[in-house]
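Only one structure is covered here, and it is reproduced in the block below.
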Amino acid sequence: MAIACVKTRANKGVDAPLVTVEVHLSNGLPAFNLVGLPETSVKEAKERVRSAIINTGFEFPVRRITVNLAPADLPKQGGRYDLPIAIGILAASGQVPIKAIGQFEFIGELALSGHIRPCQGLLPVIIEAKKQQASVIVPLDNRQDATLVGYKKVFLTNHLQSLCTFLHGQSQLPSIDGTIHWQDPQHTSVKNSGCLSDIIGQHQAKLGLVIAAAGNHNLS
């Protein structure tokens with residue numbers, strides 16, 4: 001049975017709920033169906049994933065492809081599901097080992113060339129992965145988020161081909177050293193920079209600031 005399950009995480013404010021990407025390949029007329037309450041930006045993943053797989057040198061299955069983003073009642077948005085969908089298709093078609101993908105969570109947007117672009121709001125994802133002691137693979141350009149959390153089980157990649165080579169056990173992916181270097185306020189040029197913990201009350205206002213910072217949103 002050509003089916004594969006890949007783990008990823010959604011963006012829900014300061015939370016990062018787990019999402020399972022289920023990929024099933026079946027006989028019939030070639031089609032690519034994406035279900036599980038995807039928004040327009042997620043539906044467009046079909047074309048990005050198809051081109052990325054082909055341009056990376058892999059074979060895109062000429063079969064009926066069904067991708068389910070579970071749980072179905074959780075809205076999904078953004079390009080962060082491109083990478084787990086591509087990995088699921090490659091695993092279901094036998095081009096990467098299924099046993100290898102079960103050890104990781106995948107997040108990343110794919111370019112048509114197979115390069116992996118950064119995603120917004122990955123800080124909650126890495127924090128939640130750290131709580132669950134799960135290994136997570138994120139775009140190389142999101143290295144700053146991983147360094148900020150200081151979690152050693154974060155692996156970085158910038159291309160679908162190098163990631164698949166890693167999943168085959170033929171190479172290694174860069175990670176972080178897990179050491180956080182805090183700046184001494186006495187040696188920084190910015191002084192008297194306040195902290196949200198110094199503010200008494202104003203819970204909703206502080207929560208809005210935290211959500212805006214986590215998702216890289218503006219405050220207007």
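Residue numbers start at 1 in each chain; chains themselves are named A, B, ... in the order of the structure tokens; ligands are numbered from 1 in the order shown.
The environment of Tyr151 (chain A) within 12 Å, counting only C-alpha atoms and disregarding residues fewer than 4 places along the same chain, consists of Leu123, Val125, Ile126, Ile127, Glu128, Ala129, Lys130, Lys131, Gln132, Gln133, Ala134, Ser135, Val136, Ile137, Arg143, Gln144, Asp145, Ala146, Thr147, Phe155, Ser175, Ile176, Asp177, Gly178, Thr179 and Ile180 of chain A.
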Where in region 34-207 of chain A does DSSP assign strand (DSSP E), given as a ChimeraX atom specification? /A:34-35,64-70,104-106,109-110,116-117,135-139,154-157
Include C-alpha atoms and write out the residues we just selected as a PDB file, in the first residue's frame.
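Ended up saving to part-v5.pdb:
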ATOM      1  CA  LEU A  34      -5.315  18.179  -1.377  1.00  0.00           C
ATOM      2  CA  VAL A  35      -7.804  17.955   1.507  1.00  0.00           C
ATOM      3  CA  ARG A  64      -3.802   9.464  -8.289  1.00  0.00           C
ATOM      4  CA  ILE A  65      -2.311  11.370  -5.343  1.00  0.00           C
ATOM      5  CA  THR A  66      -4.386  12.213  -2.280  1.00  0.00           C
ATOM      6  CA  VAL A  67      -2.872  14.397   0.435  1.00  0.00           C
ATOM      7  CA  ASN A  68      -4.738  14.806   3.720  1.00  0.00           C
ATOM      8  CA  LEU A  69      -3.712  17.426   6.279  1.00  0.00           C
ATOM      9  CA  ALA A  70      -4.963  16.160   9.632  1.00  0.00           C
ATOM     10  CA  PHE A 104      11.536  14.042  12.090  1.00  0.00           C
ATOM     11  CA  GLU A 105       9.101  16.907  11.712  1.00  0.00           C
ATOM     12  CA  PHE A 106       9.434  18.856   8.436  1.00  0.00           C
ATOM     13  CA  GLU A 109       8.430  26.306   1.522  1.00  0.00           C
ATOM     14  CA  LEU A 110       9.717  24.965  -1.793  1.00  0.00           C
ATOM     15  CA  ILE A 116      13.874  25.423   0.506  1.00  0.00           C
ATOM     16  CA  ARG A 117      12.779  28.914   1.449  1.00  0.00           C
ATOM     17  CA  SER A 135      13.720  16.308  15.926  1.00  0.00           C
ATOM     18  CA  VAL A 136      12.691  18.985  13.430  1.00  0.00           C
ATOM     19  CA  ILE A 137      14.061  19.960  10.015  1.00  0.00           C
ATOM     20  CA  VAL A 138      13.688  23.646   9.109  1.00  0.00           C
ATOM     21  CA  PRO A 139      15.011  25.913   6.321  1.00  0.00           C
ATOM     22  CA  VAL A 154      16.997  21.217  15.005  1.00  0.00           C
ATOM     23  CA  PHE A 155      18.499  20.374  11.606  1.00  0.00           C
ATOM     24  CA  LEU A 156      18.900  22.887   8.787  1.00  0.00           C
ATOM     25  CA  THR A 157      18.568  22.367   5.042  1.00  0.00           C
TER      26      THR A 157
END
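The nearest approach to Leu83 (chain A) among the residues A:Val49, A:Leu112, A:Ala100, A:Val42, with only C-alpha atoms taken into account, belongs to A:Val49.
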Could you pull out the helix (DSSP H, G or I) residues of chain A from DSSP and send them as an NGL selection string? :A and (40-43 or 45-55 or 82-92 or 98-101 or 123-132 or 140-149 or 160-167 or 185-187 or 196-198 or 203-215)
Name the closest residue to Arg48 (chain A) among the candidates A:Gly102, A:Pro61, A:Pro17, A:Gly114; distances are taken between atoms, counting only C-alpha atoms. A:Gly114
So the first atom is CA of Pro75 (chain A) and the second is CA of Arg9 (chain A); what is the distance between them in Å, to one decimal place? 11.7 Å
So which residues touch Ile98 (chain A) within 12 Å, counting only C-alpha atoms, skipping near sequence neighbours fewer than 3 positions away, as number ranges by chain? A: 2-6, 23, 87-95, 101-104, 164, 167-168
Tell me, as a PDB file with N, CA and C atoms, in the first residue's frame, which residues lie within 9 Å of Phe58 (chain A), counting only C-alpha atoms; anything in the same chain fewer than 2 positions away does not count.
ATOM      1  N   ALA A  52       9.289  21.118  -7.977  1.00  0.00           N
ATOM      2  CA  ALA A  52      10.463  20.902  -7.140  1.00  0.00           C
ATOM      3  C   ALA A  52      10.952  19.465  -7.220  1.00  0.00           C
ATOM      4  N   ILE A  53      10.018  18.518  -7.199  1.00  0.00           N
ATOM      5  CA  ILE A  53      10.403  17.101  -7.282  1.00  0.00           C
ATOM      6  C   ILE A  53      11.050  16.793  -8.621  1.00  0.00           C
ATOM      7  N   ILE A  54      10.468  17.286  -9.704  1.00  0.00           N
ATOM      8  CA  ILE A  54      11.006  17.015 -11.041  1.00  0.00           C
ATOM      9  C   ILE A  54      12.361  17.686 -11.232  1.00  0.00           C
ATOM     10  N   ASN A  55      12.490  18.950 -10.834  1.00  0.00           N
ATOM     11  CA  ASN A  55      13.736  19.677 -11.037  1.00  0.00           C
ATOM     12  C   ASN A  55      14.850  19.232 -10.105  1.00  0.00           C
ATOM     13  N   THR A  56      14.514  18.460  -9.078  1.00  0.00           N
ATOM     14  CA  THR A  56      15.535  17.927  -8.182  1.00  0.00           C
ATOM     15  C   THR A  56      16.073  16.597  -8.688  1.00  0.00           C
ATOM     16  N   PHE A  60       8.132  12.295 -10.414  1.00  0.00           N
ATOM     17  CA  PHE A  60       6.817  12.623  -9.860  1.00  0.00           C
ATOM     18  C   PHE A  60       5.838  11.526 -10.277  1.00  0.00           C
ATOM     19  N   LEU A  90       7.501  11.471  -2.007  1.00  0.00           N
ATOM     20  CA  LEU A  90       8.719  10.702  -2.291  1.00  0.00           C
ATOM     21  C   LEU A  90       8.773   9.413  -1.467  1.00  0.00           C
ATOM     22  N   GLN A  95      10.930   6.529  -3.050  1.00  0.00           N
ATOM     23  CA  GLN A  95      12.168   7.212  -3.435  1.00  0.00           C
ATOM     24  C   GLN A  95      12.979   7.688  -2.229  1.00  0.00           C
ATOM     25  N   GLN A 161      17.157  18.122  -2.543  1.00  0.00           N
ATOM     26  CA  GLN A 161      18.080  17.034  -2.901  1.00  0.00           C
ATOM     27  C   GLN A 161      19.010  16.676  -1.739  1.00  0.00           C
TER      28      GLN A 161
END
